[in-house]
Amino acid sequence: MSEEITGQGPPPSWKRARQRGFGASPYMADETAELPRLGDEGGYTAEELSAARADWSDFPTVRTGRPSTRQTSPAPPRPGARQPTATPTDPEGAAAFTGHPLPETHSEGASATAPIPAPSLEERDWHRNIRHLEHRLLGAERTLTYREMAQRMGVSTRSARRLWRALGFPNLEEDVKAFTEADAEALAQMVDLVREGHLNQETAISLTRSVGQMTDRMVVWQIEALVEDKIANQELSDAEARSQVVEALPELIDPLQQLMSYAWRRQLSAALQRLTVRVESGLASVSRGRDGSEPDAPLPLARAVGFADLVSYTSLSRQMSERTLAHMVQRFESRCAEIISIGGGRLVKTVGDEVLYNAETPEAGAEIALALAETIAADDVLPEARVSVVWGRVLSRMGDIYGPTVNLAARLTSLADPGTILVDSTTAARLEENPDYMLVPQPPRIVRGFGEVALSMLLRARGSSIALDNS
């Protein structure tokens with residue numbers, strides 16, 4: 001085990017953080033996210049950024065030039081906050097909040113930059129609300145640098161940085177106090193799993209990355225959904241909608257967090273069922289009609305892999321307004337997700353106009369493919385779709401699936417006519433055994449990477465499509 005990760009063991013400081021009630025949070029903005037530039041001359045120093053973290057509402061508003069003469073009411077002190085002390089050179093006591101003296105001012109005739117106006121009371125209230133929301137999300141103040149966080153975790157600064165990047169956050173300057181005790185505690189959990197021998201270093205990084213990537217996408221999705229709701233139902237501008245979403249977030253944090261935690265456990269339970277109960281029967285099923293010489297033979301999982309691709313998406317997107325395009329993409333993704341879920345499949349990923357799914361039997365994959373083609377064709381908002389499904393073996397890694405079966409399904413999608421479903425000969429042979437499906441042979445096609453492939457068009461012979469909830 002690498003000493004870089006295991007180190008000498010963490011000091012008890014992060015454990016004391018747990019006793020104080022600090023909890024880890026999936027949210028973390030970058031170190032300058034809520035610090036808008038107040039002027040055009042130069043950037044803030046690390047000390048100023050760190051000071052601003054202590055109380056952004058009292059961040060000095062005059063960095064260069066003459067002092068601002070704009071009058072503002074002082075912000076009410078926070079409980080337990082250090083109060084300012086007036087001095088002859090600092091009558092307002094601002095330096096007591098920031099930890100560094102106010103910048104020197106220049107005389108009227110000096111060549112100084114223009115004064116930077118102080119924020120209004122409304123802006124101060126907004127920044128204070130953001131600060132309180134951030135404190136609730138992070139569970140503690142940002143008091144640690146990279147080195148200090150690494151010391152809490154008992155690892156090198158390099159290891160702490162690797163874990164931080166794995167969560168999906170950018171590198172920060174070494175001397176910026178951007179981390180909390182809760183950050184150190186959360187990352188130390190992964191370090192402990194390595195020290196105790198449950199994980200190796202690379203697996204710990206991979207698991208951390210899985211959490212970072214999924215929560216990042218989830219948070220962006222949730223915020224944009226809330227913004228779109230405000231725009232559509234309250235006829236607000238984008239800026240107004242985002243402002244109201246921020247104001248509404250305090251009431252949504254706990255319910256969303258509880259749902260996320262429960263959904264993770266439920267999804268893990270479903271994954272265990274797929275892993276332990278069905279894997280043996282799936283591999284036995286996929287071996288029928290195969291001699292072991294197929295390109296995907298060494299791969300472990302038997303899956304039906306399907307793609308659905310909207311026709312003429314690129315040209316249509318150039319002609320649509322932002323809102324119309326967003327509505328079309330959201331409708332496509334939501335309808336596909338519903339069909340795949342009801343059909344017993346798993347939505348692997350969506351990329352704009354394309355969706356990739358898998359299912360545990362060729363019949364389930366075929367039912368999902370037919371429902372996708374039929375539902376999209378009947379939808380006035382969506383263009384037609386090209387669909388494919390291929391039964392074979394895949395490798396599952398990092399939430400995605402890989403292998404020749406996936407590549408072949410993707411190639412067949414590009415060959416399908418709008419509104420149709422293509423399958424290869426192996427999949428067709430399996431589905432022909434079921435009277436619910438009709439396989440119509442198509443002329444062989446040269447498929448890149450596979451040579452000549454015998455194709456069939458999949459149609460429904462009898463029965464009904466997957467029933468959707470249209471309420």
# chains A, B, ... in the order shown; residues from 1 in each chain; ligands from 1
>>> residues_around(residues="A:Ile376", least_positions_apart="5", cutoff="9 Å", atoms="only C-alpha atoms", output="mmCIF file with all heavy atoms, in the first residue's frame")
data_model
loop_
_atom_site.group_PDB
_atom_site.id
_atom_site.type_symbol
_atom_site.label_atom_id
_atom_site.label_comp_id
_atom_site.auth_asym_id
_atom_site.auth_seq_id
_atom_site.Cartn_x
_atom_site.Cartn_y
_atom_site.Cartn_z
ATOM 1 N N LEU A 310 -32.120 10.531 -32.257
ATOM 2 C CA LEU A 310 -33.077 11.395 -32.936
ATOM 3 C C LEU A 310 -32.583 11.751 -34.334
ATOM 4 O O LEU A 310 -31.407 12.084 -34.523
ATOM 5 C CB LEU A 310 -33.305 12.677 -32.133
ATOM 6 C CG LEU A 310 -34.081 12.548 -30.815
ATOM 7 C CD1 LEU A 310 -34.187 13.913 -30.134
ATOM 8 C CD2 LEU A 310 -35.463 11.970 -31.055
ATOM 9 N N PHE A 332 -37.348 14.290 -24.779
ATOM 10 C CA PHE A 332 -36.708 13.070 -25.273
ATOM 11 C C PHE A 332 -36.096 12.275 -24.126
ATOM 12 O O PHE A 332 -36.332 11.058 -23.996
ATOM 13 C CB PHE A 332 -35.634 13.449 -26.303
ATOM 14 C CG PHE A 332 -34.779 12.299 -26.760
ATOM 15 C CD1 PHE A 332 -35.331 11.240 -27.462
ATOM 16 C CD2 PHE A 332 -33.415 12.283 -26.490
ATOM 17 C CE1 PHE A 332 -34.541 10.175 -27.886
ATOM 18 C CE2 PHE A 332 -32.620 11.239 -26.917
ATOM 19 C CZ PHE A 332 -33.184 10.173 -27.612
ATOM 20 N N ARG A 335 -38.911 10.848 -21.685
ATOM 21 C CA ARG A 335 -39.669 9.727 -22.246
ATOM 22 C C ARG A 335 -38.817 8.476 -22.333
ATOM 23 O O ARG A 335 -39.264 7.367 -22.021
ATOM 24 C CB ARG A 335 -40.209 10.096 -23.632
ATOM 25 C CG ARG A 335 -41.131 11.292 -23.664
ATOM 26 C CD ARG A 335 -42.305 11.129 -22.739
ATOM 27 N NE ARG A 335 -43.388 10.369 -23.341
ATOM 28 C CZ ARG A 335 -44.488 10.028 -22.690
ATOM 29 N NH1 ARG A 335 -44.634 10.347 -21.418
ATOM 30 N NH2 ARG A 335 -45.448 9.352 -23.297
ATOM 31 N N CYS A 336 -37.566 8.637 -22.761
ATOM 32 C CA CYS A 336 -36.666 7.476 -22.845
ATOM 33 C C CYS A 336 -36.423 6.885 -21.463
ATOM 34 O O CYS A 336 -36.454 5.654 -21.287
ATOM 35 C CB CYS A 336 -35.343 7.888 -23.480
ATOM 36 S SG CYS A 336 -35.450 8.250 -25.251
ATOM 37 N N ALA A 371 -40.828 0.108 -27.854
ATOM 38 C CA ALA A 371 -41.543 1.188 -27.171
ATOM 39 C C ALA A 371 -40.913 2.542 -27.465
ATOM 40 O O ALA A 371 -41.622 3.543 -27.649
ATOM 41 C CB ALA A 371 -41.567 0.923 -25.668
ATOM 42 N N VAL A 381 -43.773 16.550 -30.568
ATOM 43 C CA VAL A 381 -42.645 17.426 -30.234
ATOM 44 C C VAL A 381 -41.332 16.880 -30.785
ATOM 45 O O VAL A 381 -40.423 17.645 -31.124
ATOM 46 C CB VAL A 381 -42.543 17.608 -28.699
ATOM 47 C CG1 VAL A 381 -41.306 18.420 -28.324
ATOM 48 C CG2 VAL A 381 -43.798 18.277 -28.162
ATOM 49 N N LEU A 382 -41.234 15.570 -30.916
ATOM 50 C CA LEU A 382 -39.966 14.931 -31.256
ATOM 51 C C LEU A 382 -39.924 14.484 -32.707
ATOM 52 O O LEU A 382 -40.940 14.039 -33.249
ATOM 53 C CB LEU A 382 -39.738 13.717 -30.358
ATOM 54 C CG LEU A 382 -39.703 13.972 -28.843
ATOM 55 C CD1 LEU A 382 -39.599 12.655 -28.086
ATOM 56 C CD2 LEU A 382 -38.540 14.891 -28.478
ATOM 57 N N PRO A 383 -38.747 14.572 -33.336
ATOM 58 C CA PRO A 383 -38.578 13.958 -34.661
ATOM 59 C C PRO A 383 -38.494 12.444 -34.507
ATOM 60 O O PRO A 383 -38.424 11.919 -33.391
ATOM 61 C CB PRO A 383 -37.245 14.537 -35.146
ATOM 62 C CG PRO A 383 -36.482 14.824 -33.896
ATOM 63 C CD PRO A 383 -37.504 15.240 -32.870
ATOM 64 N N GLU A 384 -38.503 11.733 -35.612
ATOM 65 C CA GLU A 384 -38.399 10.274 -35.540
ATOM 66 C C GLU A 384 -37.023 9.859 -35.025
ATOM 67 O O GLU A 384 -36.075 10.648 -34.998
ATOM 68 C CB GLU A 384 -38.652 9.662 -36.920
ATOM 69 C CG GLU A 384 -40.091 9.749 -37.385
ATOM 70 C CD GLU A 384 -40.305 8.990 -38.677
ATOM 71 O OE1 GLU A 384 -39.672 9.374 -39.684
ATOM 72 O OE2 GLU A 384 -41.085 8.028 -38.683
ATOM 73 N N ALA A 385 -36.945 8.602 -34.630
ATOM 74 C CA ALA A 385 -35.691 8.089 -34.075
ATOM 75 C C ALA A 385 -35.244 6.843 -34.819
ATOM 76 O O ALA A 385 -36.060 6.073 -35.332
ATOM 77 C CB ALA A 385 -35.859 7.768 -32.596
ATOM 78 N N GLY A 419 -37.451 5.791 -37.740
ATOM 79 C CA GLY A 419 -38.605 5.069 -37.245
ATOM 80 C C GLY A 419 -38.460 3.566 -37.203
ATOM 81 O O GLY A 419 -39.429 2.866 -36.873
#
>>> closest_atom_pairs(of="stretch 195-282 of chain A", to="stretch 393-416 of chain A", cutoff="10 Å", atoms="only C-alpha atoms", output="CSV")
residue,atom,partner,partner_atom,distance
A:Ser206,CA,A:Met398,CA,7.9
A:Leu207,CA,A:Met398,CA,8.7
A:Arg209,CA,A:Met398,CA,9.0
A:Ser210,CA,A:Met398,CA,6.9
A:Met214,CA,A:Gly399,CA,9.5
A:Gly282,CA,A:Arg393,CA,9.6
>>> residues_around(residues="A:Ile231", least_positions_apart="2", cutoff="12 Å", atoms="only C-alpha atoms", output="ChimeraX atom specification")
/A:224-229,233-245,323
>>> select_by_dssp(residues="stretch 393-440 of chain A", states="helix (DSSP H, G or I)", output="list in words")
Pro404, Thr405, Val406, Asn407, Leu408, Ala409, Ala410, Arg411, Leu412, Thr413, Ser414, Leu415, Ser425, Thr426, Thr427, Ala428, Ala429, Arg430 and Leu431 of chain A
>>> select_by_dssp(residues="stretch 311-427 of chain A", states="strand (DSSP E)", output="CSV table (one decimal) with all heavy atoms, in the first residue's frame")
chain,number,residue,atom,x,y,z
A,346,ARG,N,-31.7,-0.4,-17.9
A,346,ARG,CA,-30.9,0.6,-17.2
A,346,ARG,C,-30.5,1.7,-18.2
A,346,ARG,O,-29.9,1.3,-19.2
A,346,ARG,CB,-29.7,0.0,-16.5
A,346,ARG,CG,-28.9,1.0,-15.7
A,346,ARG,CD,-27.8,0.4,-14.9
A,346,ARG,NE,-26.6,0.2,-15.7
A,346,ARG,CZ,-25.7,1.1,-15.9
A,346,ARG,NH1,-25.8,2.3,-15.4
A,346,ARG,NH2,-24.6,0.8,-16.7
A,347,LEU,N,-30.8,2.9,-17.9
A,347,LEU,CA,-30.3,4.0,-18.7
A,347,LEU,C,-28.8,4.2,-18.4
A,347,LEU,O,-28.5,4.7,-17.3
A,347,LEU,CB,-31.1,5.3,-18.4
A,347,LEU,CG,-30.7,6.5,-19.1
A,347,LEU,CD1,-30.8,6.4,-20.6
A,347,LEU,CD2,-31.6,7.7,-18.7
A,348,VAL,N,-28.0,4.0,-19.4
A,348,VAL,CA,-26.5,4.1,-19.1
A,348,VAL,C,-26.1,5.5,-19.2
A,348,VAL,O,-25.5,6.1,-18.4
A,348,VAL,CB,-25.7,3.2,-20.1
A,348,VAL,CG1,-24.2,3.4,-19.9
A,348,VAL,CG2,-26.1,1.8,-20.0
A,349,LYS,N,-26.6,6.2,-20.3
A,349,LYS,CA,-26.2,7.6,-20.5
A,349,LYS,C,-27.0,8.2,-21.6
A,349,LYS,O,-27.5,7.5,-22.5
A,349,LYS,CB,-24.7,7.8,-20.7
A,349,LYS,CG,-24.2,7.2,-22.0
A,349,LYS,CD,-22.7,7.4,-22.1
A,349,LYS,CE,-22.1,6.7,-23.3
A,349,LYS,NZ,-20.6,6.8,-23.4
A,350,THR,N,-27.1,9.5,-21.6
A,350,THR,CA,-27.7,10.3,-22.7
A,350,THR,C,-26.7,11.3,-23.1
A,350,THR,O,-26.0,11.9,-22.3
A,350,THR,CB,-29.0,11.0,-22.2
A,350,THR,OG1,-28.7,11.9,-21.1
A,350,THR,CG2,-30.1,10.0,-21.8
A,351,VAL,N,-26.6,11.5,-24.4
A,351,VAL,CA,-25.7,12.5,-25.0
A,351,VAL,C,-26.5,13.3,-26.0
A,351,VAL,O,-26.5,12.9,-27.2
A,351,VAL,CB,-24.5,11.9,-25.6
A,351,VAL,CG1,-23.5,12.9,-26.1
A,351,VAL,CG2,-23.8,10.9,-24.7
A,354,GLU,N,-29.0,11.3,-28.3
A,354,GLU,CA,-28.8,9.9,-28.3
A,354,GLU,C,-28.9,9.3,-26.9
A,354,GLU,O,-28.5,10.0,-25.9
A,354,GLU,CB,-27.5,9.6,-28.9
A,354,GLU,CG,-27.2,8.1,-29.1
A,354,GLU,CD,-25.9,7.8,-29.9
A,354,GLU,OE1,-24.9,8.2,-29.3
A,354,GLU,OE2,-26.0,7.3,-31.0
A,355,VAL,N,-29.5,8.1,-26.7
A,355,VAL,CA,-29.6,7.5,-25.5
A,355,VAL,C,-29.1,6.1,-25.6
A,355,VAL,O,-29.3,5.4,-26.6
A,355,VAL,CB,-31.1,7.5,-25.0
A,355,VAL,CG1,-32.0,6.7,-25.9
A,355,VAL,CG2,-31.2,6.9,-23.6
A,356,LEU,N,-28.3,5.6,-24.6
A,356,LEU,CA,-27.8,4.3,-24.5
A,356,LEU,C,-28.4,3.6,-23.3
A,356,LEU,O,-28.4,4.1,-22.2
A,356,LEU,CB,-26.3,4.3,-24.4
A,356,LEU,CG,-25.5,3.0,-24.0
A,356,LEU,CD1,-25.7,1.9,-25.1
A,356,LEU,CD2,-24.0,3.3,-23.8
A,357,TYR,N,-28.9,2.3,-23.5
A,357,TYR,CA,-29.4,1.6,-22.4
A,357,TYR,C,-29.0,0.1,-22.5
A,357,TYR,O,-28.5,-0.3,-23.6
A,357,TYR,CB,-31.0,1.7,-22.4
A,357,TYR,CG,-31.6,0.9,-23.6
A,357,TYR,CD1,-32.0,-0.5,-23.4
A,357,TYR,CD2,-31.9,1.5,-24.8
A,357,TYR,CE1,-32.6,-1.2,-24.4
A,357,TYR,CE2,-32.5,0.7,-25.8
A,357,TYR,CZ,-32.9,-0.6,-25.6
A,357,TYR,OH,-33.4,-1.3,-26.7
A,358,ASN,N,-29.2,-0.6,-21.5
A,358,ASN,CA,-29.0,-2.1,-21.5
A,358,ASN,C,-30.1,-2.8,-20.7
A,358,ASN,O,-30.8,-2.2,-19.9
A,358,ASN,CB,-27.6,-2.5,-21.1
A,358,ASN,CG,-27.3,-2.2,-19.6
A,358,ASN,OD1,-28.2,-2.1,-18.8
A,358,ASN,ND2,-26.1,-2.1,-19.3
A,359,ALA,N,-30.3,-4.0,-21.0
A,359,ALA,CA,-31.3,-4.9,-20.4
A,359,ALA,C,-30.7,-6.3,-20.2
A,359,ALA,O,-29.8,-6.6,-20.9
A,359,ALA,CB,-32.6,-4.9,-21.2
A,385,ALA,N,-36.9,8.6,-34.6
A,385,ALA,CA,-35.7,8.1,-34.1
A,385,ALA,C,-35.2,6.8,-34.8
A,385,ALA,O,-36.1,6.1,-35.3
A,385,ALA,CB,-35.9,7.8,-32.6
A,386,ARG,N,-33.9,6.7,-34.9
A,386,ARG,CA,-33.3,5.4,-35.4
A,386,ARG,C,-33.0,4.6,-34.1
A,386,ARG,O,-32.4,5.2,-33.2
A,386,ARG,CB,-32.1,5.7,-36.2
A,386,ARG,CG,-32.3,6.5,-37.4
A,386,ARG,CD,-31.0,6.6,-38.2
A,386,ARG,NE,-31.1,7.3,-39.5
A,386,ARG,CZ,-30.9,8.6,-39.6
A,386,ARG,NH1,-30.5,9.3,-38.5
A,386,ARG,NH2,-31.1,9.2,-40.8
A,387,VAL,N,-33.3,3.3,-34.1
A,387,VAL,CA,-33.1,2.5,-32.9
A,387,VAL,C,-32.4,1.2,-33.3
A,387,VAL,O,-32.6,0.7,-34.4
A,387,VAL,CB,-34.4,2.2,-32.2
A,387,VAL,CG1,-34.2,1.4,-30.9
A,387,VAL,CG2,-35.2,3.5,-32.0
A,388,SER,N,-31.6,0.7,-32.4
A,388,SER,CA,-30.9,-0.6,-32.6
A,388,SER,C,-30.9,-1.3,-31.3
A,388,SER,O,-30.9,-0.7,-30.2
A,388,SER,CB,-29.5,-0.5,-33.1
A,388,SER,OG,-28.7,0.1,-32.2
A,389,VAL,N,-30.8,-2.7,-31.3
A,389,VAL,CA,-30.6,-3.5,-30.1
A,389,VAL,C,-29.8,-4.7,-30.5
A,389,VAL,O,-30.0,-5.3,-31.5
A,389,VAL,CB,-31.9,-3.9,-29.5
A,389,VAL,CG1,-32.8,-4.7,-30.4
A,389,VAL,CG2,-31.7,-4.6,-28.1
A,390,VAL,N,-28.8,-5.0,-29.7
A,390,VAL,CA,-27.8,-6.1,-29.9
A,390,VAL,C,-27.7,-6.9,-28.6
A,390,VAL,O,-27.4,-6.3,-27.6
A,390,VAL,CB,-26.5,-5.6,-30.5
A,390,VAL,CG1,-25.5,-6.8,-30.6
A,390,VAL,CG2,-26.6,-4.9,-31.8
A,391,TRP,N,-27.8,-8.2,-28.7
A,391,TRP,CA,-27.6,-9.1,-27.6
A,391,TRP,C,-26.2,-9.7,-27.6
A,391,TRP,O,-25.7,-10.3,-28.6
A,391,TRP,CB,-28.6,-10.2,-27.6
A,391,TRP,CG,-28.5,-11.3,-26.6
A,391,TRP,CD1,-28.2,-12.6,-26.8
A,391,TRP,CD2,-28.7,-11.2,-25.2
A,391,TRP,NE1,-28.2,-13.3,-25.6
A,391,TRP,CE2,-28.5,-12.4,-24.6
A,391,TRP,CE3,-29.0,-10.1,-24.3
A,391,TRP,CZ2,-28.6,-12.7,-23.2
A,391,TRP,CZ3,-29.1,-10.3,-23.0
A,391,TRP,CH2,-28.9,-11.6,-22.4
A,392,GLY,N,-25.5,-9.5,-26.5
A,392,GLY,CA,-24.1,-10.0,-26.4
A,392,GLY,C,-23.5,-9.8,-25.0
A,392,GLY,O,-24.2,-9.7,-24.0
A,393,ARG,N,-22.2,-9.8,-24.9
A,393,ARG,CA,-21.5,-9.6,-23.7
A,393,ARG,C,-20.8,-8.2,-23.6
A,393,ARG,O,-20.4,-7.7,-24.6
A,393,ARG,CB,-20.5,-10.7,-23.5
A,393,ARG,CG,-21.1,-12.1,-23.2
A,393,ARG,CD,-20.1,-13.1,-23.0
A,393,ARG,NE,-20.7,-14.4,-22.7
A,393,ARG,CZ,-20.1,-15.5,-22.5
A,393,ARG,NH1,-18.8,-15.6,-22.6
A,393,ARG,NH2,-20.7,-16.7,-22.2
A,394,VAL,N,-20.8,-7.7,-22.4
A,394,VAL,CA,-20.2,-6.3,-22.2
A,394,VAL,C,-19.3,-6.3,-21.0
A,394,VAL,O,-19.4,-7.2,-20.1
A,394,VAL,CB,-21.3,-5.3,-22.1
A,394,VAL,CG1,-22.2,-5.2,-23.4
A,394,VAL,CG2,-22.2,-5.5,-20.9
A,395,LEU,N,-18.5,-5.3,-20.9
A,395,LEU,CA,-17.8,-5.0,-19.7
A,395,LEU,C,-18.4,-3.7,-19.1
A,395,LEU,O,-18.5,-2.7,-19.8
A,395,LEU,CB,-16.3,-4.7,-20.1
A,395,LEU,CG,-15.4,-4.3,-18.9
A,395,LEU,CD1,-15.2,-5.4,-17.9
A,395,LEU,CD2,-14.0,-3.8,-19.5
A,396,SER,N,-18.6,-3.7,-17.8
A,396,SER,CA,-19.2,-2.6,-17.1
A,396,SER,C,-18.1,-1.9,-16.3
A,396,SER,O,-17.6,-2.6,-15.4
A,396,SER,CB,-20.4,-3.0,-16.3
A,396,SER,OG,-20.9,-1.9,-15.6
A,397,ARG,N,-17.8,-0.7,-16.5
A,397,ARG,CA,-16.9,0.1,-15.7
A,397,ARG,C,-17.3,1.5,-15.6
A,397,ARG,O,-17.7,2.1,-16.6
A,397,ARG,CB,-15.5,0.0,-16.4
A,397,ARG,CG,-14.8,-1.4,-16.2
A,397,ARG,CD,-14.4,-1.7,-14.8
A,397,ARG,NE,-13.7,-3.0,-14.7
A,397,ARG,CZ,-14.2,-4.2,-14.7
A,397,ARG,NH1,-15.6,-4.3,-14.7
A,397,ARG,NH2,-13.5,-5.3,-14.6
A,400,ASP,N,-20.4,3.0,-17.1
A,400,ASP,CA,-20.6,2.9,-18.5
A,400,ASP,C,-20.4,1.4,-18.9
A,400,ASP,O,-20.0,0.6,-18.1
A,400,ASP,CB,-19.6,3.8,-19.3
A,400,ASP,CG,-20.1,4.2,-20.6
A,400,ASP,OD1,-21.0,3.6,-21.2
A,400,ASP,OD2,-19.6,5.3,-21.1
A,401,ILE,N,-20.7,1.1,-20.2
A,401,ILE,CA,-20.5,-0.3,-20.7
A,401,ILE,C,-19.6,-0.2,-21.9
A,401,ILE,O,-19.7,0.8,-22.7
A,401,ILE,CB,-21.8,-1.0,-21.0
A,401,ILE,CG1,-22.7,-0.2,-21.9
A,401,ILE,CG2,-22.6,-1.3,-19.7
A,401,ILE,CD1,-24.0,-0.9,-22.3
A,402,TYR,N,-18.9,-1.3,-22.1
A,402,TYR,CA,-17.9,-1.3,-23.2
A,402,TYR,C,-17.9,-2.6,-23.9
A,402,TYR,O,-18.3,-3.6,-23.3
A,402,TYR,CB,-16.5,-1.0,-22.7
A,402,TYR,CG,-16.4,0.3,-21.9
A,402,TYR,CD1,-16.6,0.3,-20.5
A,402,TYR,CD2,-16.0,1.5,-22.5
A,402,TYR,CE1,-16.5,1.5,-19.8
A,402,TYR,CE2,-15.9,2.7,-21.8
A,402,TYR,CZ,-16.2,2.7,-20.5
A,402,TYR,OH,-16.1,3.9,-19.8
A,421,ILE,N,-36.0,-0.2,-36.3
A,421,ILE,CA,-35.1,-0.8,-35.4
A,421,ILE,C,-34.3,-1.9,-36.1
A,421,ILE,O,-34.9,-2.8,-36.8
A,421,ILE,CB,-35.9,-1.5,-34.2
A,421,ILE,CG1,-36.8,-0.5,-33.6
A,421,ILE,CG2,-35.0,-2.1,-33.2
A,421,ILE,CD1,-37.9,-1.1,-32.6
A,422,LEU,N,-33.0,-1.9,-36.0
A,422,LEU,CA,-32.2,-2.9,-36.6
A,422,LEU,C,-31.5,-3.8,-35.5
A,422,LEU,O,-31.2,-3.3,-34.5
A,422,LEU,CB,-31.1,-2.2,-37.4
A,422,LEU,CG,-31.4,-1.7,-38.8
A,422,LEU,CD1,-30.2,-1.1,-39.5
A,422,LEU,CD2,-32.1,-2.7,-39.7
A,423,VAL,N,-31.4,-5.1,-35.9
A,423,VAL,CA,-30.7,-6.0,-35.0
A,423,VAL,C,-29.8,-6.8,-35.9
A,423,VAL,O,-29.9,-6.9,-37.1
A,423,VAL,CB,-31.7,-6.9,-34.3
A,423,VAL,CG1,-32.7,-6.1,-33.4
A,423,VAL,CG2,-32.5,-7.8,-35.3
A,424,ASP,N,-28.8,-7.4,-35.2
A,424,ASP,CA,-27.8,-8.3,-35.9
A,424,ASP,C,-28.4,-9.7,-36.0
A,424,ASP,O,-29.5,-10.0,-35.4
A,424,ASP,CB,-26.5,-8.3,-35.3
A,424,ASP,CG,-26.5,-8.9,-33.9
A,424,ASP,OD1,-27.5,-8.7,-33.2
A,424,ASP,OD2,-25.5,-9.6,-33.6
>>> atom_distance(atom1="atom CA of A:Gly451", atom2="atom CA of A:Leu431")
22.8 Å
>>> closest_atom_pairs(of="stretch 183-232 of chain A", to="stretch 139-154 of chain A", cutoff="12 Å", atoms="only C-alpha atoms", output="CSV")
residue,atom,partner,partner_atom,distance
A:Asp183,CA,A:Met149,CA,7.8
A:Ala184,CA,A:Met149,CA,5.5
A:Glu185,CA,A:Met153,CA,7.3
A:Ala186,CA,A:Met153,CA,9.4
A:Leu187,CA,A:Met153,CA,7.4
A:Ala188,CA,A:Met153,CA,5.2
A:Gln189,CA,A:Met153,CA,8.9
A:Met190,CA,A:Met153,CA,9.8
A:Val191,CA,A:Met153,CA,7.5
A:Asp192,CA,A:Met153,CA,9.0
A:Arg195,CA,A:Gly154,CA,10.8
>>> write_last_selection(atoms="C-alpha atoms", output="JSON list (two decimals), in the first residue's frame")
[["chain", "number", "residue", "atom", "x", "y", "z"],
["A", 183, "ASP", "CA", -14.03, 18.33, 4.00],
["A", 184, "ALA", "CA", -11.16, 16.73, 5.88],
["A", 185, "GLU", "CA", -13.50, 14.34, 7.66],
["A", 186, "ALA", "CA", -15.24, 13.24, 4.45],
["A", 187, "LEU", "CA", -12.03, 12.59, 2.53],
["A", 188, "ALA", "CA", -10.50, 10.88, 5.55],
["A", 189, "GLN", "CA", -13.21, 8.23, 5.27],
["A", 190, "MET", "CA", -11.70, 7.07, 1.97],
["A", 191, "VAL", "CA", -8.18, 7.22, 3.41],
["A", 192, "ASP", "CA", -9.29, 4.98, 6.29],
["A", 195, "ARG", "CA", -5.43, 1.99, 5.54]]
>>> closest_residue(among="A:Pro435, A:Pro300, A:Pro250, A:Pro255", to="A:Arg462", atoms="only C-alpha atoms")
A:Pro435
>>> atom_distance(atom1="atom CA of A:Pro444", atom2="atom CA of A:Ser425")
10.1 Å
>>> closest_residue(among="A:Leu372, A:Glu363, A:Glu452, A:Ile466", to="A:Glu433", atoms="only C-alpha atoms")
A:Glu363
>>> atom_distance(atom1="atom CA of A:Ile368", atom2="atom CA of A:Val211")
28.4 Å
